[in-house]
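See below for query-v8.cif, which holds mmCIF, C-alpha atoms.
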data_data
loop_
_atom_site.label_atom_id
_atom_site.label_comp_id
_atom_site.auth_asym_id
_atom_site.auth_seq_id
_atom_site.Cartn_x
_atom_site.Cartn_y
_atom_site.Cartn_z
CA MET A 907 0.00 0.00 0.00
CA PRO A 908 1.57 3.36 -1.05
CA ARG A 909 2.30 5.89 1.68
CA THR A 910 -0.09 8.90 1.71
CA ALA A 911 1.24 12.25 2.98
CA LEU A 912 -1.09 14.15 5.31
CA THR A 913 -2.02 17.77 4.72
CA LEU A 914 -1.47 20.40 7.43
CA SER A 915 -5.21 20.38 8.15
CA ASP A 916 -5.12 16.58 8.59
CA LYS A 917 -2.20 16.85 11.02
CA VAL A 918 -3.99 19.51 13.05
CA LYS A 919 -7.12 17.32 13.23
CA LEU A 920 -4.91 14.45 14.37
CA ILE A 921 -3.36 16.53 17.17
CA LYS A 922 -6.77 17.76 18.32
CA LEU A 923 -8.19 14.22 18.21
CA LYS A 924 -5.42 12.92 20.46
CA GLU A 925 -5.76 15.80 22.93
CA THR A 926 -9.58 15.91 23.16
CA GLN A 927 -10.39 12.17 23.15
CA LYS A 928 -7.29 11.15 25.13
CA LEU A 929 -6.51 8.39 22.62
CA SER A 930 -3.25 6.53 22.85
CA THR A 931 -0.72 6.83 20.08
CA ARG A 932 -0.95 3.07 19.60
CA ASN A 933 -4.66 3.26 18.73
CA LEU A 934 -4.10 6.09 16.30
CA LEU A 935 -1.30 4.12 14.66
CA LEU A 936 -3.76 1.45 13.54
CA ASP A 937 -5.01 3.87 10.87
CA LEU A 938 -2.24 6.40 10.37
CA LYS A 939 0.93 4.39 11.08
CA THR A 940 4.23 6.25 11.28
CA GLN A 941 2.88 9.72 10.39
CA VAL A 942 1.23 9.87 13.81
CA TYR A 943 4.66 9.97 15.45
CA ASP A 944 5.86 12.67 13.03
CA ALA A 945 2.84 14.92 13.68
CA ILE A 946 2.90 14.56 17.49
CA LYS A 947 6.67 15.00 17.63
CA ASN A 948 6.50 18.24 15.61
CA LYS A 949 3.28 19.51 17.19
CA GLU A 950 4.42 23.09 17.86
CA LYS A 951 5.99 23.50 14.41
CA ILE A 952 2.94 22.12 12.62
CA MET A 953 0.49 24.28 14.61
CA ASP A 954 2.57 27.39 13.89
CA GLU A 955 2.69 26.53 10.16
CA TRP A 956 -1.08 26.04 10.14
CA VAL A 957 -1.75 29.40 11.84
CA ASN A 958 0.55 31.22 9.42
CA SER A 959 -0.40 29.32 6.25
CA LYS A 960 -2.14 31.27 3.48
CA ASN A 961 -3.46 28.24 1.58
CA SER A 962 -5.82 26.89 4.27
CA GLY A 963 -3.34 24.20 5.30
CA LYS A 964 -3.88 22.21 2.08
CA SER A 965 -0.19 21.80 1.30
CA LYS A 966 1.44 18.59 2.46
CA ARG A 967 4.75 20.29 3.19
CA VAL A 968 5.64 23.91 3.83
CA LYS A 969 8.71 24.87 1.83
CA THR A 970 10.62 28.10 2.21
CA PRO A 971 10.77 29.78 -1.21
CA SER A 972 14.26 30.14 -2.73
CA PHE A 973 13.94 33.93 -2.85
CA GLU A 974 12.01 34.52 0.35
CA GLN A 975 12.46 38.32 0.49
CA ILE A 976 11.18 38.78 -3.07
CA ASP A 977 8.28 36.43 -2.34
CA GLN A 978 7.28 38.36 0.81
CA LYS A 979 7.54 41.82 -0.78
CA LEU A 980 5.65 40.68 -3.87
CA TYR A 981 2.83 39.17 -1.83
CA GLU A 982 2.51 42.39 0.23
CA TRP A 983 2.32 44.37 -3.05
CA PHE A 984 -0.28 41.94 -4.43
CA VAL A 985 -2.50 42.28 -1.34
CA SER A 986 -2.15 46.08 -1.40
CA VAL A 987 -3.14 46.39 -5.08
CA ARG A 988 -6.03 43.92 -4.80
CA SER A 989 -7.37 45.83 -1.78
CA LYS A 990 -8.09 48.61 -4.31
CA ASN A 991 -9.85 46.09 -6.61
CA LEU A 992 -7.31 46.66 -9.40
CA PRO A 993 -6.98 43.73 -11.85
CA ILE A 994 -3.70 41.79 -11.77
CA SER A 995 -2.60 39.21 -14.35
CA GLY A 996 0.22 36.68 -14.32
CA PRO A 997 2.51 38.79 -16.55
CA ILE A 998 2.02 41.80 -14.25
CA ILE A 999 3.09 39.68 -11.24
CA GLN A 1000 6.13 38.42 -13.17
CA THR A 1001 7.10 41.95 -14.25
CA LYS A 1002 6.74 43.25 -10.69
CA ALA A 1003 8.82 40.34 -9.36
CA MET A 1004 11.64 41.13 -11.80
CA LYS A 1005 11.58 44.81 -10.78
CA LEU A 1006 11.77 43.80 -7.11
CA ALA A 1007 14.71 41.48 -7.86
CA GLU A 1008 16.47 44.30 -9.70
CA LYS A 1009 15.80 46.73 -6.84
CA MET A 1010 17.07 44.19 -4.28
CA ASN A 1011 20.13 43.43 -6.44
CA VAL A 1012 19.26 39.73 -6.83
CA LYS A 1013 21.07 38.54 -9.95
CA ASP A 1014 19.99 34.93 -10.51
CA PHE A 1015 16.21 35.33 -10.08
CA LYS A 1016 13.91 34.39 -12.99
CA ALA A 1017 10.16 34.99 -12.92
CA SER A 1018 9.36 31.98 -15.09
CA ASN A 1019 5.92 30.48 -15.64
CA GLY A 1020 6.89 27.63 -13.32
CA TRP A 1021 7.88 30.12 -10.60
CA LEU A 1022 4.56 31.97 -11.13
CA GLU A 1023 2.54 28.77 -10.64
CA LYS A 1024 4.42 28.00 -7.41
CA PHE A 1025 3.91 31.58 -6.16
CA LYS A 1026 0.14 31.35 -6.85
CA LYS A 1027 -0.11 27.97 -5.15
CA ARG A 1028 1.94 29.14 -2.16
CA HIS A 1029 -0.39 32.10 -1.53
CA ASP A 1030 -3.65 30.48 -2.64
CA ILE A 1031 -4.07 32.86 -5.60
CA VAL A 1032 -6.55 31.92 -8.34
CA TRP A 1033 -7.73 33.47 -11.60
CA LYS A 1034 -11.24 34.99 -11.45
CA GLN A 1035 -13.34 37.18 -13.71
CA VAL A 1036 -13.45 40.81 -12.54
CA SER A 1037 -17.05 41.72 -11.74
CA GLY A 1038 -18.83 44.90 -10.82
CA GLU A 1039 -20.67 43.08 -8.04
CA ALA A 1040 -19.56 43.16 -4.42
CA ASN A 1041 -16.72 40.81 -3.54
CA ASP A 1042 -17.99 37.42 -2.44
CA VAL A 1043 -16.86 36.31 0.98
CA ASN A 1044 -15.13 32.94 0.80
CA GLN A 1045 -16.80 30.94 3.55
CA GLU A 1046 -13.98 28.37 3.66
CA THR A 1047 -11.51 31.18 4.37
CA VAL A 1048 -13.78 32.51 7.12
CA VAL A 1049 -14.15 29.09 8.77
CA GLU A 1050 -10.40 28.47 8.57
CA TRP A 1051 -9.69 31.93 10.05
CA LYS A 1052 -12.08 31.44 12.96
CA GLN A 1053 -10.34 28.16 13.77
CA LYS A 1054 -7.01 30.01 13.96
CA ILE A 1055 -8.21 32.91 16.15
CA SER A 1056 -8.06 31.00 19.45
CA ARG A 1057 -4.40 30.16 18.86
CA LEU A 1058 -3.54 33.71 17.73
CA ILE A 1059 -5.00 35.28 20.89
CA ALA A 1060 -3.78 32.55 23.26
CA GLY A 1061 -1.94 34.09 26.20
CA TYR A 1062 -3.64 37.49 25.85
CA GLU A 1063 -6.36 38.77 28.16
CA ALA A 1064 -9.57 40.06 26.57
CA LYS A 1065 -8.58 43.65 27.40
CA ASP A 1066 -5.38 43.20 25.35
CA VAL A 1067 -7.05 42.09 22.09
CA TYR A 1068 -8.07 45.04 19.89
CA ASN A 1069 -9.68 45.68 16.53
CA ALA A 1070 -9.91 49.02 14.73
CA ASP A 1071 -11.52 50.25 11.52
CA GLU A 1072 -12.34 53.45 9.66
CA THR A 1073 -15.80 54.63 8.69
CA GLY A 1074 -16.80 57.58 6.51
CA LEU A 1075 -19.28 60.05 8.01
CA PHE A 1076 -21.42 62.69 6.28
CA PHE A 1077 -21.49 64.70 9.48
CA ARG A 1078 -24.04 67.21 8.14
CA GLY A 1079 -26.22 64.59 6.48
CA ILE A 1080 -29.85 65.50 7.08
CA PRO A 1081 -32.89 63.31 6.22
CA THR A 1082 -33.65 63.14 2.48
CA LYS A 1083 -37.37 62.27 2.79
CA SER A 1084 -40.20 64.41 4.15
CA LEU A 1085 -43.92 64.45 4.69
CA VAL A 1086 -45.56 66.95 2.31
CA GLN A 1087 -49.04 67.92 1.17
CA LYS A 1088 -50.18 66.17 -1.99
CA SER A 1089 -50.17 69.40 -3.98
CA GLU A 1090 -46.68 70.38 -2.74
CA SER A 1091 -43.46 69.64 -4.62
CA CYS A 1092 -40.69 68.07 -2.53
CA SER A 1093 -37.30 69.73 -2.88
CA GLY A 1094 -34.70 70.43 -0.26
CA GLY A 1095 -31.75 71.88 -2.10
CA LYS A 1096 -28.27 70.41 -2.56
CA LYS A 1097 -27.37 67.51 -0.27
CA ALA A 1098 -24.74 68.29 2.36
CA LYS A 1099 -21.83 65.92 1.69
CA ASP A 1100 -19.27 67.40 4.05
CA ARG A 1101 -17.37 64.39 5.31
CA LEU A 1102 -15.09 63.19 8.06
CA THR A 1103 -13.35 59.86 8.54
CA VAL A 1104 -13.68 58.30 11.99
CA PHE A 1105 -11.28 55.60 13.18
CA VAL A 1106 -12.93 53.45 15.86
CA CYS A 1107 -10.87 51.12 18.06
CA GLY A 1108 -12.26 48.70 20.66
CA SER A 1109 -11.07 45.78 22.76
CA MET A 1110 -12.49 42.32 23.28
CA ALA A 1111 -13.25 43.35 26.88
CA GLY A 1112 -15.60 46.10 25.63
CA GLU A 1113 -13.41 49.22 25.86
CA ILE A 1114 -13.78 51.91 23.16
CA ARG A 1115 -10.70 54.11 22.88
CA LYS A 1116 -10.64 57.82 22.14
CA PRO A 1117 -11.68 58.07 18.45
CA LEU A 1118 -9.40 59.43 15.75
CA VAL A 1119 -11.19 61.92 13.46
CA ILE A 1120 -9.78 63.09 10.12
CA GLY A 1121 -11.02 66.32 8.58
CA LYS A 1122 -9.97 68.53 5.67
CA SER A 1123 -8.58 71.47 7.63
CA LYS A 1124 -5.75 71.71 10.14
CA LYS A 1125 -7.80 74.08 12.28
CA PRO A 1126 -11.41 74.68 11.16
CA ARG A 1127 -12.88 78.11 11.86
CA CYS A 1128 -14.98 76.72 14.71
CA PHE A 1129 -11.74 75.60 16.46
CA LYS A 1130 -10.58 79.22 16.72
CA ASN A 1131 -8.90 80.05 20.04
CA MET A 1132 -9.10 76.36 21.01
CA ASP A 1133 -6.30 74.02 22.01
CA ILE A 1134 -6.78 71.08 19.60
CA SER A 1135 -5.22 68.69 22.11
CA SER A 1136 -8.13 69.45 24.44
CA LEU A 1137 -10.71 68.06 21.99
CA PRO A 1138 -12.49 64.84 23.03
CA VAL A 1139 -11.05 63.17 19.91
CA ILE A 1140 -7.64 62.88 18.23
CA TRP A 1141 -7.82 65.38 15.34
CA LYS A 1142 -5.87 64.85 12.09
CA PHE A 1143 -6.35 66.33 8.64
CA ASN A 1144 -5.60 66.13 4.91
CA LYS A 1145 -7.26 67.65 1.86
CA LYS A 1146 -9.60 64.66 1.30
CA ALA A 1147 -10.27 63.78 4.95
CA TRP A 1148 -9.04 60.23 4.29
CA MET A 1149 -6.97 57.83 6.33
CA THR A 1150 -3.37 57.74 5.10
CA THR A 1151 -0.39 55.53 5.89
CA GLU A 1152 1.31 58.45 7.66
CA ILE A 1153 -1.68 59.14 9.93
CA MET A 1154 -2.17 55.44 10.62
CA GLU A 1155 1.48 54.89 11.53
CA LYS A 1156 1.47 57.88 13.91
CA TRP A 1157 -1.67 56.55 15.59
CA LEU A 1158 -0.14 53.07 15.97
CA ARG A 1159 3.00 54.52 17.56
CA TYR A 1160 0.87 56.65 19.91
CA PHE A 1161 -1.17 53.54 20.78
CA ASN A 1162 2.00 51.51 21.36
CA ALA A 1163 3.48 54.21 23.62
CA ASP A 1164 0.31 54.10 25.72
CA MET A 1165 0.57 50.30 26.03
CA ARG A 1166 4.27 50.56 26.92
CA SER A 1167 3.53 53.09 29.67
CA GLN A 1168 1.05 50.57 31.14
CA ASN A 1169 3.53 47.68 30.73
CA ARG A 1170 1.05 45.83 28.51
CA ASN A 1171 1.65 43.65 25.45
CA VAL A 1172 -1.35 43.68 23.10
CA LEU A 1173 -2.67 42.44 19.77
CA ILE A 1174 -4.47 44.65 17.26
CA PHE A 1175 -6.31 43.20 14.26
CA LEU A 1176 -6.60 45.40 11.15
CA ASP A 1177 -7.92 44.83 7.64
CA ASN A 1178 -5.43 44.78 4.78
CA ALA A 1179 -6.19 48.29 3.48
CA ALA A 1180 -3.24 49.87 1.69
CA CYS A 1181 -3.02 52.61 4.34
CA HIS A 1182 -2.45 50.11 7.18
CA PRO A 1183 1.34 49.73 7.56
CA LYS A 1184 3.06 46.52 8.63
CA ILE A 1185 5.50 47.81 11.25
CA GLU A 1186 7.24 46.25 14.24
CA LEU A 1187 6.34 47.79 17.61
CA SER A 1188 7.65 47.06 21.09
CA ASN A 1189 4.35 46.33 22.86
CA THR A 1190 1.86 45.98 20.01
CA LYS A 1191 1.63 43.08 17.58
CA ILE A 1192 -0.27 43.90 14.37
CA LEU A 1193 -2.20 41.07 12.70
CA MET A 1194 -4.05 41.40 9.39
CA LEU A 1195 -7.52 39.97 8.81
CA PRO A 1196 -8.00 37.77 5.71
CA PRO A 1197 -8.66 39.83 2.53
CA ASN A 1198 -12.28 40.31 1.40
CA THR A 1199 -13.75 38.82 4.59
CA THR A 1200 -14.00 41.84 6.90
CA SER A 1201 -17.78 42.05 6.59
CA ILE A 1202 -17.76 38.84 8.65
CA THR A 1203 -14.38 38.70 10.43
CA GLN A 1204 -13.96 42.32 11.57
CA PRO A 1205 -15.56 42.93 15.01
CA MET A 1206 -16.09 46.68 14.39
CA ASP A 1207 -18.18 45.77 11.31
CA GLN A 1208 -20.45 43.43 13.29
CA GLY A 1209 -22.37 46.26 14.94
CA VAL A 1210 -19.98 48.59 16.80
CA ILE A 1211 -19.77 51.16 13.99
CA TYR A 1212 -23.52 50.79 13.31
CA THR A 1213 -24.30 51.50 16.97
CA PHE A 1214 -21.89 54.43 17.03
CA LYS A 1215 -23.64 55.94 13.98
CA SER A 1216 -27.04 55.33 15.56
CA TYR A 1217 -26.09 57.54 18.50
CA TYR A 1218 -24.45 60.15 16.26
CA ARG A 1219 -27.60 60.45 14.13
CA LYS A 1220 -29.66 60.73 17.31
CA PHE A 1221 -27.64 63.75 18.49
CA LEU A 1222 -27.79 65.23 14.99
CA LEU A 1223 -31.59 64.90 14.86
CA GLN A 1224 -31.99 66.44 18.28
CA SER A 1225 -29.98 69.45 17.10
CA LEU A 1226 -31.96 69.73 13.84
CA LEU A 1227 -35.28 69.70 15.68
CA CYS A 1228 -34.10 72.59 17.87
CA LYS A 1229 -32.93 74.65 14.88
CA MET A 1230 -35.72 74.03 12.34
CA ASP A 1231 -37.81 77.06 13.32
CA ASN A 1232 -34.90 79.44 12.80
CA CYS A 1233 -33.70 78.15 9.40
CA SER A 1234 -35.14 79.16 6.03
CA SER A 1235 -33.77 76.27 3.94
CA ALA A 1236 -32.39 72.74 4.19
CA HIS A 1237 -28.98 74.04 3.11
CA GLN A 1238 -28.94 76.58 5.94
CA LEU A 1239 -30.08 73.89 8.39
CA ALA A 1240 -27.23 71.57 7.34
CA LYS A 1241 -24.63 74.34 7.45
CA SER A 1242 -25.68 75.22 11.00
CA ILE A 1243 -23.90 72.01 12.07
CA SER A 1244 -20.22 72.77 12.68
CA VAL A 1245 -17.20 70.46 12.72
CA LEU A 1246 -16.96 71.16 16.46
CA ASP A 1247 -20.56 69.91 16.89
CA ALA A 1248 -19.66 66.79 14.94
CA VAL A 1249 -16.49 66.15 16.98
CA ASN A 1250 -18.40 66.43 20.25
CA TRP A 1251 -21.19 64.13 19.01
CA ILE A 1252 -18.64 61.59 17.74
CA ALA A 1253 -16.97 61.44 21.17
CA LEU A 1254 -20.36 61.27 22.92
CA ALA A 1255 -21.58 58.54 20.55
CA CYS A 1256 -18.46 56.43 21.26
CA ASP A 1257 -19.00 56.90 25.00
CA ASN A 1258 -22.57 55.65 24.61
CA VAL A 1259 -21.56 52.37 22.92
CA LYS A 1260 -21.88 49.84 25.74
CA ALA A 1261 -19.16 47.32 26.60
CA GLU A 1262 -21.73 44.54 26.10
CA CYS A 1263 -22.22 45.61 22.48
CA VAL A 1264 -18.48 45.55 21.73
CA GLN A 1265 -18.02 42.16 23.43
CA ASN A 1266 -20.88 40.62 21.47
CA CYS A 1267 -19.48 41.94 18.19
CA PHE A 1268 -16.10 40.33 18.94
CA HIS A 1269 -17.91 37.08 19.72
CA LYS A 1270 -19.87 37.22 16.48
CA ALA A 1271 -16.62 37.69 14.54
CA GLY A 1272 -15.27 34.47 16.12
CA PHE A 1273 -13.26 35.95 19.01
CA LEU A 1274 -14.40 33.76 21.88
CA SER A 1275 -13.60 34.56 25.50
CA ASN A 1276 -11.81 32.10 27.77
CA GLU A 1277 -15.19 30.93 29.04
CA GLY A 1278 -16.16 30.06 25.45
CA THR A 1279 -19.30 32.20 25.45
CA ASN A 1280 -20.68 33.17 22.09
CA THR A 1281 -23.61 35.01 20.59
CA ASN A 1282 -25.36 34.38 17.32
CA GLY A 1283 -26.64 37.93 17.03
CA ILE A 1284 -25.25 41.38 17.62
CA ASN A 1285 -27.41 41.95 20.71
CA LEU A 1286 -27.07 45.72 20.59
CA PRO A 1287 -28.18 47.51 23.76
CA GLU A 1288 -31.87 48.26 23.34
CA ASN A 1289 -31.52 51.95 24.12
CA ALA A 1290 -29.12 52.39 21.16
CA LEU A 1291 -31.85 51.74 18.62
CA ASN A 1292 -34.79 52.80 20.78
CA ASP A 1293 -33.31 56.28 21.17
CA ILE A 1294 -32.68 56.76 17.47
CA ASN A 1295 -36.10 55.28 16.66
CA GLU A 1296 -37.75 57.79 18.97
CA GLU A 1297 -35.98 60.73 17.34
CA CYS A 1298 -36.68 59.40 13.83
CA VAL A 1299 -40.39 59.00 14.59
CA ILE A 1300 -40.53 62.65 15.68
CA ALA A 1301 -38.76 63.77 12.50
CA ASN A 1302 -40.51 61.14 10.34
CA VAL A 1303 -37.27 59.57 9.08
CA ASP A 1304 -36.54 56.02 7.88
CA VAL A 1305 -34.15 54.73 10.57
CA GLU A 1306 -32.06 52.28 8.50
CA ASP A 1307 -31.54 54.70 5.59
CA PHE A 1308 -30.61 57.53 7.92
CA ILE A 1309 -27.98 55.48 9.81
CA THR A 1310 -26.33 53.77 6.84
CA PHE A 1311 -26.60 56.20 3.90
CA ASP A 1312 -22.84 56.95 4.09
CA LYS A 1313 -21.86 53.30 4.56
CA GLU A 1314 -19.96 53.08 1.25
CA LEU A 1315 -18.19 56.43 1.68
CA GLN A 1316 -14.50 56.15 0.73
CA ARG A 1317 -12.27 56.13 3.81
CA PHE A 1318 -8.75 55.99 2.43
CA SER A 1319 -6.82 56.80 -0.71
CA ALA A 1320 -7.02 54.34 -3.57
CA THR A 1321 -4.01 56.03 -5.19
CA ILE A 1322 -1.33 53.59 -6.29
CA SER A 1323 2.40 54.25 -6.28
CA ASN A 1324 4.15 55.86 -9.25
CA THR A 1325 5.86 52.56 -10.10
CA ASN A 1326 2.60 50.59 -10.16
CA LEU A 1327 0.85 53.36 -12.05
CA LEU A 1328 3.63 53.38 -14.66
CA GLU A 1329 3.29 49.62 -15.17
CA LEU A 1330 -0.47 49.80 -15.66
CA THR A 1331 -0.23 52.91 -17.86
CA THR A 1332 2.43 51.29 -20.07
CA LYS A 1333 0.28 48.19 -20.57
CA ALA A 1334 -2.76 50.33 -21.35
CA ARG A 1335 -0.74 52.30 -23.92
CA GLU A 1336 0.57 49.10 -25.54
CA TYR A 1337 -2.99 47.73 -25.75
CA ALA A 1338 -4.24 50.99 -27.32
CA GLU A 1339 -1.42 50.96 -29.89
CA ARG A 1340 -2.17 47.35 -30.87
CA ALA A 1341 -5.88 48.15 -31.19
CA ALA A 1342 -5.14 51.19 -33.36
CA LEU A 1343 -2.80 49.18 -35.60
CA LYS A 1344 -5.42 46.43 -36.00
CA HIS A 1345 -8.08 49.02 -36.87
CA LYS A 1346 -5.74 50.62 -39.44
CA LYS A 1347 -5.05 47.24 -41.12
CA GLN A 1348 -8.77 46.46 -41.29
CA SER A 1349 -9.43 49.89 -42.84
CA ASN A 1350 -6.70 49.36 -45.46
CA ILE A 1351 -8.13 45.96 -46.44
CA LYS A 1352 -11.64 47.41 -46.67
CA ASN A 1353 -10.41 50.32 -48.86
CA TYR A 1354 -8.49 47.92 -51.13
CA PHE A 1355 -11.62 45.90 -51.97
CA SER A 1356 -14.02 48.85 -52.18
#
Represent the supplied structure as structure tokens.
Amino acid sequence: MPRTALTLSDKVKLIKLKETQKLSTRNLLLDLKTQVYDAIKNKEKIMDEWVNSKNSGKSKRVKTPSFEQIDQKLYEWFVSVRSKNLPISGPIIQTKAMKLAEKMNVKDFKASNGWLEKFKKRHDIVWKQVSGEANDVNQETVVEWKQKISRLIAGYEAKDVYNADETGLFFRGIPTKSLVQKSESCSGGKKAKDRLTVFVCGSMAGEIRKPLVIGKSKKPRCFKNMDISSLPVIWKFNKKAWMTTEIMEKWLRYFNADMRSQNRNVLIFLDNAACHPKIELSNTKILMLPPNTTSITQPMDQGVIYTFKSYYRKFLLQSLLCKMDNCSSAHQLAKSISVLDAVNWIALACDNVKAECVQNCFHKAGFLSNEGTNTNGINLPENALNDINEECVIANVDVEDFITFDKELQRFSATISNTNLLELTTKAREYAERAALKHKKQSNIKNYFS
């Protein structure tokens, strides 16, 4: 009978079977023979390989690539470009790999078709048709990730496991529907699309940290004569009010300094957005969530941000109701809301998000506490939605639309580097030249026979 090599997943199942059912190695040997000894002997190595594997543990052996530095840099570039939903083909990967080898002064590297196939297999990369529809969440990836979480957070208390995410906010967004008389036309003027980006960070224990808010101005007019450091939020700015790598890195270093001052070692889970840097910090370990799964695997997306926005809209509606009698138009009503109002409501909304809500959202994303408790639903505190419902009833507003109408607002730059842009531009130009040449040949043939 030929020997069959076990996959990483099989070896992990074997280890768990032995530990949970207290089976003897002898009994397991009846079915799996000598590979049982190999798996048990190398338990720690195999479990580490499984946690860090990108191909769901399907490979039978984990080999270190010959050009490991090129492989790592190329995969980071691939993840960064795909996070912007830009199409990548095999030749583009090969061209990028050669440029990296040249930049790193590696002489004997060749990005052959065989190398490309191994790179794709190593990182579980497949060819798919680009579609305008939303990215499908790979359920196998989600299941595999949730199995790894317990090992990733092992040794950390719940208060030391964090997740953070950005959300766009139309801070002057007023309701777009209204009750009117049948004979009355319904117009409200230009929609207020003044935006901020809010970075929300919470722990598995239920803590919500001081929010980071990104606006378009270093010091808005309403901040005049104010010490910005005294604001209830961390204020940053750029011309588009987006999260950038520079802002994110500064926040991470500030966060790490706070953890160091408390003598704490923590984990923080981030999505793989291009603006989230992969840096080494003394007291903070950064782990990236699987690509295209954050709608399921990111705790902040399971209800924390939704609850935060519920409270923000509540405070906004309360302000609008007080100001309606003194405003002559919807535009004037929206403009009566200042950035300082928004900053205060953002801080107040974060304070109102209950620890129970944050904990349940971590549980829903697969982050189980030591006691193993879990929840199937978000279980938001009742007053979060009751309060906003009450205000929306008074103002006659659709609750869901009002809370989520800025859900898809862009939060960070989708700009690619000059090198990547040059590659894509060159390929586009070559394609256009070939198309023009083909069209010219067809025109010449047509003219010849006419």
Could you list, as an MDAnalysis selection string, every residue within 9 Å of A:Met1110, counting only C-alpha atoms and ignoring same-chain residues fewer than 3 positions away? chainID A and resid 1063:1069 1113 1205 1261 1264:1269 1273:1275
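Minimum distance to A:Lys979 across A:Leu1006, A:Trp1141, A:Ser1135, A:Ser915 (counting all atoms listed in the file) occurs at A:Leu1006.
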One decimal place gives the atom CA of A:Tyr1160-atom CA of A:Gly1121 separation as 19.1 Å
Nearest to A:Arg1219, chosen from A:Lys1052, A:Lys1122, A:Arg1078, A:Lys924, with only C-alpha atoms counted in the distances: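 The closest residue to A:Arg1219 is A:Arg1078.
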Contacts of stretch 1196-1200 of chain A at 9 Å (all atoms listed in the file; same-chain gap of 3+ positions) as a list in words: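 Those residues are Val985, Arg988, Ser989, Asn1041, Asp1042, Val1043, Asn1044, Gln1045, Thr1047, Val1048, Trp1051, Asp1177, Asn1178, Ala1179, Thr1203, Gln1204, Pro1205 and Asp1207 of chain A.
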Do you have the atom CA of A:Ser1201-atom CA of A:Phe1076 distance handy? 21.0 Å
Extract, using only C-alpha atoms, all DNA, RNA and protein residues at most 10 Å from A:Pro1117, discarding same-chain residues fewer than 3 positions from it, and format them as a PyMOL selection string. chain A and resi 1070+1072+1104-1108+1114+1120+1138-1141+1249+1252-1253+1256-1257
What residues come out when you apply the PyMOL selection byres ((chain A and resi 1058) around 12) to this file, written as number ranges by chain? A: 953-954, 956-958, 1051-1057, 1059-1063, 1067, 1172-1175, 1191-1195, 1272-1274
Atom CA of A:Asn1144 to atom CA of A:Cys1181, distance in Å rounded to a single decimal: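 Atom-to-atom, atom CA of A:Asn1144 to atom CA of A:Cys1181, that is 13.8 Å.
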Residue neighbourhood stretch 1238-1245 of chain A, 8 Å, all atoms listed in the file, exclusion window fewer than 2 positions, as a ChimeraX atom specification: /A:1077-1080,1098,1126,1128,1226,1229-1230,1233-1236,1247-1249
Evaluated on this file, the PyMOL selection byres ((chain A and resi 1258) around 9) picks out some residues - which ones are they, written as an MDAnalysis selection string? chainID A and resid 1213:1214 1217 1253:1257 1259:1260 1290
Would you kindly return, as a list in words, each protein, DNA or RNA residue with an atom no farther than 12 Å from any atom of A:Asn1169, considering only C-alpha atoms and excluding same-chain residues fewer than 5 positions away? Asp1066, Asn1162, Ala1163, Asp1164, Ser1188, Asn1189 and Thr1190 of chain A
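For the choices A:Phe1221, A:Phe984, A:Phe1129, A:Trp1157, the atom-to-atom distance to A:Lys1026 is smallest for A:Phe984 when using only C-alpha atoms.
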Nearest residue to A:Met1154 from the set A:Leu1137, A:Ala1180, A:Leu1075, A:Leu980 (distances using all atoms listed in the file): A:Ala1180
Requested file, stretch 1041-1070 of chain A restricted to C-alpha atoms, as a short mmCIF file (atom, residue, chain, number, x, y, z; two decimals), in the first residue's frame:
data_model
loop_
_atom_site.label_atom_id
_atom_site.label_comp_id
_atom_site.auth_asym_id
_atom_site.auth_seq_id
_atom_site.Cartn_x
_atom_site.Cartn_y
_atom_site.Cartn_z
CA ASN A 1041 -16.72 40.81 -3.54
CA ASP A 1042 -17.99 37.42 -2.44
CA VAL A 1043 -16.86 36.31 0.98
CA ASN A 1044 -15.13 32.94 0.80
CA GLN A 1045 -16.80 30.94 3.55
CA GLU A 1046 -13.98 28.37 3.66
CA THR A 1047 -11.51 31.18 4.37
CA VAL A 1048 -13.78 32.51 7.12
CA VAL A 1049 -14.15 29.09 8.77
CA GLU A 1050 -10.40 28.47 8.57
CA TRP A 1051 -9.69 31.93 10.05
CA LYS A 1052 -12.08 31.44 12.96
CA GLN A 1053 -10.34 28.16 13.77
CA LYS A 1054 -7.01 30.01 13.96
CA ILE A 1055 -8.21 32.91 16.15
CA SER A 1056 -8.06 31.00 19.45
CA ARG A 1057 -4.40 30.16 18.86
CA LEU A 1058 -3.54 33.71 17.73
CA ILE A 1059 -5.00 35.28 20.89
CA ALA A 1060 -3.78 32.55 23.26
CA GLY A 1061 -1.94 34.09 26.20
CA TYR A 1062 -3.64 37.49 25.85
CA GLU A 1063 -6.36 38.77 28.16
CA ALA A 1064 -9.57 40.06 26.57
CA LYS A 1065 -8.58 43.65 27.40
CA ASP A 1066 -5.38 43.20 25.35
CA VAL A 1067 -7.05 42.09 22.09
CA TYR A 1068 -8.07 45.04 19.89
CA ASN A 1069 -9.68 45.68 16.53
CA ALA A 1070 -9.91 49.02 14.73
#
